[in-house]
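Trainee: Contents of work.pdb (PDB, C-alpha atoms) are below:
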ATOM      1  CA  MET A   1      24.121  53.017  51.038
ATOM      2  CA  LEU A   2      20.546  51.653  51.206
ATOM      3  CA  GLU A   3      19.318  55.007  52.499
ATOM      4  CA  LYS A   4      20.474  56.551  49.195
ATOM      5  CA  ILE A   5      18.287  54.238  47.077
ATOM      6  CA  LYS A   6      14.774  55.486  46.288
ATOM      7  CA  TYR A   7      12.050  53.455  44.610
ATOM      8  CA  LYS A   8      11.021  55.410  41.516
ATOM      9  CA  GLY A   9       8.217  53.169  40.259
ATOM     10  CA  PHE A  10       7.605  50.678  37.493
ATOM     11  CA  GLU A  11       6.367  50.284  33.937
ATOM     12  CA  ILE A  12       4.577  47.281  32.502
ATOM     13  CA  SER A  13       6.333  46.568  29.213
ATOM     14  CA  SER A  14       4.064  43.653  28.250
ATOM     15  CA  SER A  15       1.121  41.787  29.704
ATOM     16  CA  GLN A  16      -1.292  39.023  28.819
ATOM     17  CA  PHE A  17      -4.471  37.658  30.406
ATOM     18  CA  VAL A  18      -6.175  34.391  29.434
ATOM     19  CA  GLU A  19      -9.363  33.062  31.004
ATOM     20  CA  HIS A  20      -9.548  29.283  30.625
ATOM     21  CA  LYS A  21     -12.764  28.564  32.521
ATOM     22  CA  ASP A  22     -15.341  30.194  34.738
ATOM     23  CA  SER A  23     -14.633  29.444  38.369
ATOM     24  CA  GLU A  24     -16.149  30.410  41.695
ATOM     25  CA  GLY A  25     -13.350  30.842  44.191
ATOM     26  CA  GLY A  26     -10.045  29.039  44.216
ATOM     27  CA  ARG A  27      -6.406  29.816  44.831
ATOM     28  CA  PHE A  28      -3.554  31.203  42.822
ATOM     29  CA  LYS A  29       0.116  30.494  42.314
ATOM     30  CA  LEU A  30       2.635  33.239  41.601
ATOM     31  CA  LEU A  31       5.880  32.570  39.749
ATOM     32  CA  VAL A  32       8.609  35.185  39.434
ATOM     33  CA  SER A  33      11.709  34.755  37.289
ATOM     34  CA  ASP A  34      15.122  35.882  38.388
ATOM     35  CA  GLY A  35      15.348  39.470  37.282
ATOM     36  CA  GLN A  36      17.883  41.212  35.114
ATOM     37  CA  PHE A  37      19.709  43.879  37.102
ATOM     38  CA  ALA A  38      21.489  46.958  35.753
ATOM     39  CA  SER A  39      22.880  50.129  37.321
ATOM     40  CA  GLY A  40      24.735  53.132  35.983
ATOM     41  CA  TYR A  41      25.360  56.861  36.125
ATOM     42  CA  ASP A  42      23.491  59.402  33.992
ATOM     43  CA  GLU A  43      25.891  62.230  33.068
ATOM     44  CA  GLU A  44      23.078  64.478  31.856
ATOM     45  CA  ASP A  45      20.947  64.150  35.015
ATOM     46  CA  LYS A  46      24.002  63.879  37.286
ATOM     47  CA  LYS A  47      22.602  60.928  39.213
ATOM     48  CA  SER A  48      22.908  57.184  39.455
ATOM     49  CA  TRP A  49      20.129  54.743  38.720
ATOM     50  CA  ALA A  50      19.275  51.061  38.983
ATOM     51  CA  GLN A  51      16.762  49.001  37.054
ATOM     52  CA  MET A  52      15.305  45.505  37.431
ATOM     53  CA  VAL A  53      13.509  43.698  34.628
ATOM     54  CA  LEU A  54      11.148  41.021  35.955
ATOM     55  CA  GLU A  55       8.869  38.483  34.348
ATOM     56  CA  ALA A  56       6.085  37.007  36.438
ATOM     57  CA  SER A  57       2.934  34.979  36.043
ATOM     58  CA  ILE A  58      -0.049  34.353  38.216
ATOM     59  CA  LYS A  59      -2.201  31.289  37.638
ATOM     60  CA  GLY A  60      -5.610  30.904  39.228
ATOM     61  CA  TYR A  61      -6.792  27.371  39.977
ATOM     62  CA  THR A  62      -9.818  25.672  41.443
ATOM     63  CA  ASP A  63      -9.215  24.666  45.073
ATOM     64  CA  GLU A  64      -8.764  20.985  44.195
ATOM     65  CA  ALA A  65      -6.190  21.720  41.479
ATOM     66  CA  LEU A  66      -3.750  23.053  44.077
ATOM     67  CA  ASP A  67      -3.943  20.144  46.521
ATOM     68  CA  ASN A  68      -0.262  19.706  45.680
ATOM     69  CA  PRO A  69       1.046  23.257  45.021
ATOM     70  CA  ASP A  70       4.324  21.902  43.606
ATOM     71  CA  GLU A  71       2.438  20.010  40.890
ATOM     72  CA  PRO A  72      -0.859  21.780  40.205
ATOM     73  CA  ASP A  73      -3.514  19.984  38.163
ATOM     74  CA  GLU A  74      -3.567  22.013  34.933
ATOM     75  CA  ASN A  75      -7.141  20.797  34.256
ATOM     76  CA  GLY A  76      -8.177  23.070  37.122
ATOM     77  CA  LEU A  77      -6.511  26.154  35.628
ATOM     78  CA  ALA A  78      -9.115  28.946  35.559
ATOM     79  CA  PHE A  79      -6.974  31.870  34.373
ATOM     80  CA  GLU A  80      -3.431  33.077  33.929
ATOM     81  CA  ALA A  81      -1.829  36.477  33.645
ATOM     82  CA  ASN A  82       1.726  37.172  32.540
ATOM     83  CA  VAL A  83       3.648  40.386  32.903
ATOM     84  CA  LYS A  84       7.050  41.856  32.123
ATOM     85  CA  ILE A  85       7.914  44.776  34.379
ATOM     86  CA  ASP A  86      10.710  47.339  34.530
ATOM     87  CA  VAL A  87      11.334  48.533  38.114
ATOM     88  CA  PHE A  88      13.262  51.794  38.555
ATOM     89  CA  TYR A  89      15.371  53.192  41.391
ATOM     90  CA  ASP A  90      17.158  56.526  41.798
ATOM     91  CA  ILE A  91      20.442  56.539  43.709
ATOM     92  CA  GLU A  92      21.764  59.687  45.361
ATOM     93  CA  GLY A  93      25.324  60.449  44.309
ATOM     94  CA  ASP A  94      27.490  59.372  41.432
ATOM     95  CA  GLU A  95      28.117  55.758  42.484
ATOM     96  CA  PRO A  96      26.091  53.079  40.686
ATOM     97  CA  ILE A  97      25.489  49.930  42.714
ATOM     98  CA  SER A  98      27.220  46.681  41.884
ATOM     99  CA  GLU A  99      25.523  43.368  41.244
ATOM    100  CA  GLU A 100      27.235  42.075  44.409
ATOM    101  CA  PHE A 101      25.659  44.894  46.435
ATOM    102  CA  TYR A 102      22.290  44.113  44.865
ATOM    103  CA  THR A 103      22.613  40.397  45.680
ATOM    104  CA  SER A 104      23.731  40.950  49.265
ATOM    105  CA  ASN A 105      20.794  43.324  49.847
ATOM    106  CA  LEU A 106      18.213  41.322  47.929
ATOM    107  CA  TRP A 107      15.769  41.530  50.853
ATOM    108  CA  PHE A 108      15.591  45.314  50.353
ATOM    109  CA  PHE A 109      14.748  45.027  46.652
ATOM    110  CA  GLU A 110      12.337  42.102  47.203
ATOM    111  CA  ASN A 111      10.151  44.359  49.350
ATOM    112  CA  PHE A 112       9.678  46.704  46.399
ATOM    113  CA  THR A 113       9.254  43.747  44.046
ATOM    114  CA  SER A 114       6.319  42.499  46.142
ATOM    115  CA  ILE A 115       4.610  45.887  46.058
ATOM    116  CA  THR A 116       5.274  46.226  42.330
ATOM    117  CA  LEU A 117       3.848  42.778  41.531
ATOM    118  CA  LYS A 118       0.699  43.407  43.563
ATOM    119  CA  LEU A 119       0.046  46.740  41.857
ATOM    120  CA  ALA A 120       0.905  45.471  38.359
ATOM    121  CA  PHE A 121      -1.227  42.319  38.527
ATOM    122  CA  GLU A 122      -4.185  44.109  40.105
ATOM    123  CA  THR A 123      -3.977  46.707  37.311
ATOM    124  CA  ILE A 124      -4.095  43.933  34.701
ATOM    125  CA  LEU A 125      -6.905  42.021  36.444
ATOM    126  CA  GLU A 126      -9.024  45.122  37.030
ATOM    127  CA  ARG A 127     -10.409  44.993  33.459
ATOM    128  CA  THR A 128     -11.205  41.282  33.560
ATOM    129  CA  PRO A 129     -13.777  39.057  35.285
ATOM    130  CA  MET A 130     -11.072  38.536  37.959
ATOM    131  CA  ARG A 131     -11.183  42.206  39.020
ATOM    132  CA  THR A 132     -12.272  41.343  42.574
ATOM    133  CA  ILE A 133      -9.052  39.441  43.305
ATOM    134  CA  LYS A 134      -6.867  41.283  45.792
ATOM    135  CA  LEU A 135      -3.289  40.086  46.110
ATOM    136  CA  PRO A 136      -1.203  40.221  49.291
ATOM    137  CA  TRP A 137       1.282  43.055  49.789
ATOM    138  CA  SER A 138       4.116  40.610  50.327
ATOM    139  CA  VAL A 139       5.102  37.642  48.193
ATOM    140  CA  PRO A 140       6.142  34.427  49.962
ATOM    141  CA  LEU A 141       9.770  33.677  49.128
ATOM    142  CA  GLU A 142       8.961  30.146  47.969
ATOM    143  CA  SER A 143       6.998  31.602  45.051
ATOM    144  CA  VAL A 144      10.161  33.074  43.569
ATOM    145  CA  GLU A 145      11.808  30.770  41.042
ATOM    146  CA  ASN A 146      15.575  30.579  40.792
TER     147      ASN A 146
END
Could I get this file's structure written as structure tokens?

Mentor:
Amino acid sequence: MLEKIKYKGFEISSSQFVEHKDSEGGRFKLLVSDGQFASGYDEEDKKSWAQMVLEASIKGYTDEALDNPDEPDENGLAFEANVKIDVFYDIEGDEPISEEFYTSNLWFFENFTSITLKLAFETILERTPMRTIKLPWSVPLESVEN
């Protein structure tokens, strides 16, 4: 069934960027909420689809502020960006996918989530003083909140 699922892309439905202080260098922390999953069949287009709605934030800190990544020092917060993203998939055939299928194949969807988050955040940051920040192509699993 996975071979029938094609990544269609994403749309940023809302975004926000706030610069708190000027900082040279530092590290960032990425937080991703559990997404909202939906799947169905489009009678008009004669195809199935799936959609994920994600909310994520990236916070940039001075190096010292992230000595303890589980409890960052908010006084060292340099910037934050928040985004709400709709991720789209096309599914060959007339069978939508179930939430159970989605959950049991989460690794497959997380790969596309990582790519989506990188592209979305870099698009947002590209018109800010943080435009030189390049994010990794994959997101460490511990950065995903449950």

Trainee: Using the chain letters and numbers from the file, give me the residues hit by the PyMOL selection byres ((chain A and resi 114) around 12), as an NGL selection string.

Mentor: :A and (10 or 30-32 or 54 or 56 or 87 or 107-113 or 115-121 or 135-141 or 143-144)

Trainee: To test your reading of the syntax: which residues would the PyMOL selection byres ((chain A and resi 21) around 7) return for the file shown? Reply as a PyMOL selection string.

Mentor: chain A and resi 19-20+22-23+78-79

Trainee: I'd like the contact shell of A:Asn105 - 12 Å cut-off, only C-alpha atoms, skipping same-chain residues fewer than 6 positions apart - returned as an mmCIF file with C-alpha atoms, keeping the file's coordinate frame.

Mentor:
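Result file result_6.cif:
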data_model
loop_
_atom_site.group_PDB
_atom_site.id
_atom_site.type_symbol
_atom_site.label_atom_id
_atom_site.label_comp_id
_atom_site.auth_asym_id
_atom_site.auth_seq_id
_atom_site.Cartn_x
_atom_site.Cartn_y
_atom_site.Cartn_z
ATOM 1 C CA MET A 1 24.121 53.017 51.038
ATOM 2 C CA LEU A 2 20.546 51.653 51.206
ATOM 3 C CA ILE A 5 18.287 54.238 47.077
ATOM 4 C CA ILE A 97 25.489 49.930 42.714
ATOM 5 C CA SER A 98 27.220 46.681 41.884
ATOM 6 C CA GLU A 99 25.523 43.368 41.244
ATOM 7 C CA ASN A 111 10.151 44.359 49.350
#

Trainee: Tell me, in Å to one decimal, how far atom CA of A:Thr128 is from atom CA of A:Val18.

Mentor: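 Computing the Euclidean distance for atom CA of A:Thr128 and atom CA of A:Val18 yields 9.5 Å.
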
Trainee: Would you pick out the contacts of stretch 92-94 of chain A at 8 Å or less, using all atoms listed in the file, so that residues sharing its chain but fewer than 4 positions from it are not included, and give the list as a ChimeraX atom specification?

Mentor: /A:4-5,41,46-48

Trainee: Give me a file of those residues, with C-alpha atoms, as a compact mmCIF listing (two decimals), in the coordinates of the input.

Mentor:
# COMPACT_ATOMS: atom_id res chain seq x y z
CA LYS A 4 20.47 56.55 49.20
CA ILE A 5 18.29 54.24 47.08
CA TYR A 41 25.36 56.86 36.12
CA LYS A 46 24.00 63.88 37.29
CA LYS A 47 22.60 60.93 39.21
CA SER A 48 22.91 57.18 39.46

Trainee: At a cut-off of 12 Å from (1.3, 24.7, 35.3) in the coordinates of the file, what residues are picked up using only C-alpha atoms, written as a list in words?

Mentor: Phe28, Lys29, Leu30, Leu31, Ser57, Ile58, Lys59, Gly60, Tyr61, Ala65, Leu66, Asn68, Pro69, Asp70, Glu71, Pro72, Asp73, Glu74, Asn75, Gly76, Leu77, Ala78, Phe79 and Glu80 of chain A

Trainee: Which of these residues is nearest to A:Gly25, using all atoms listed in the file: A:Met130, A:Ala38, A:Leu106, A:Ile124?

Mentor: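 Ranking A:Met130, A:Ala38, A:Leu106, A:Ile124 by distance to A:Gly25, first place goes to A:Met130.
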
Trainee: When the PyMOL selection byres ((chain A and resi 84) around 6) is applied to the structure above, which residues does it catch, written out as a list in words?

Mentor: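 The output of the PyMOL selection byres ((chain A and resi 84) around 6) on this file is Ile12, Ser13, Ser14, Leu54, Glu55, Val83 and Ile85 of chain A.
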
Trainee: Determine, counting only C-alpha atoms, which protein, DNA and RNA residues have an atom within 8 Å of an atom of A:Trp49; residues of the same chain fewer than 5 positions away are not included. Present the result as a PDB file with C-alpha atoms, in the frame of the given file.

Mentor:
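Done, and the output landed in result18.pdb:
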ATOM      1  CA  SER A  39      22.880  50.129  37.321  1.00  0.00           C
ATOM      2  CA  GLY A  40      24.735  53.132  35.983  1.00  0.00           C
ATOM      3  CA  TYR A  41      25.360  56.861  36.125  1.00  0.00           C
ATOM      4  CA  ASP A  42      23.491  59.402  33.992  1.00  0.00           C
ATOM      5  CA  PHE A  88      13.262  51.794  38.555  1.00  0.00           C
ATOM      6  CA  TYR A  89      15.371  53.192  41.391  1.00  0.00           C
ATOM      7  CA  ASP A  90      17.158  56.526  41.798  1.00  0.00           C
ATOM      8  CA  ILE A  91      20.442  56.539  43.709  1.00  0.00           C
ATOM      9  CA  PRO A  96      26.091  53.079  40.686  1.00  0.00           C
TER      10      PRO A  96
END

Trainee: Report the distance between atom CA of A:Gln51 and atom CA of A:Thr123 in Å, rounded to one decimal place.

Mentor: 20.9 Å

Trainee: Just to confirm, what's the straight-line distance from atom CA of A:Tyr102 to atom CA of A:Phe37 in Å (one decimal)?

Mentor: 8.2 Å

Trainee: Report, as AutoDock Vina command-line options, the centre and edge lengths in Å (one decimal) of the axis-aligned box enclosing every listed atom of stretch 3-20 of chain A, padded by 4 Å on each side.

Mentor:
--center_x 5.5 --center_y 42.9 --center_z 40.4 --size_x 38.0 --size_y 35.3 --size_z 32.2

Trainee: When distances are computed from only C-alpha atoms, which of A:Asp67, A:Phe101, A:Thr62, A:Ala81 shows the smallest separation from A:Arg27?

Mentor: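 For A:Arg27, the nearest of the candidates is A:Thr62.
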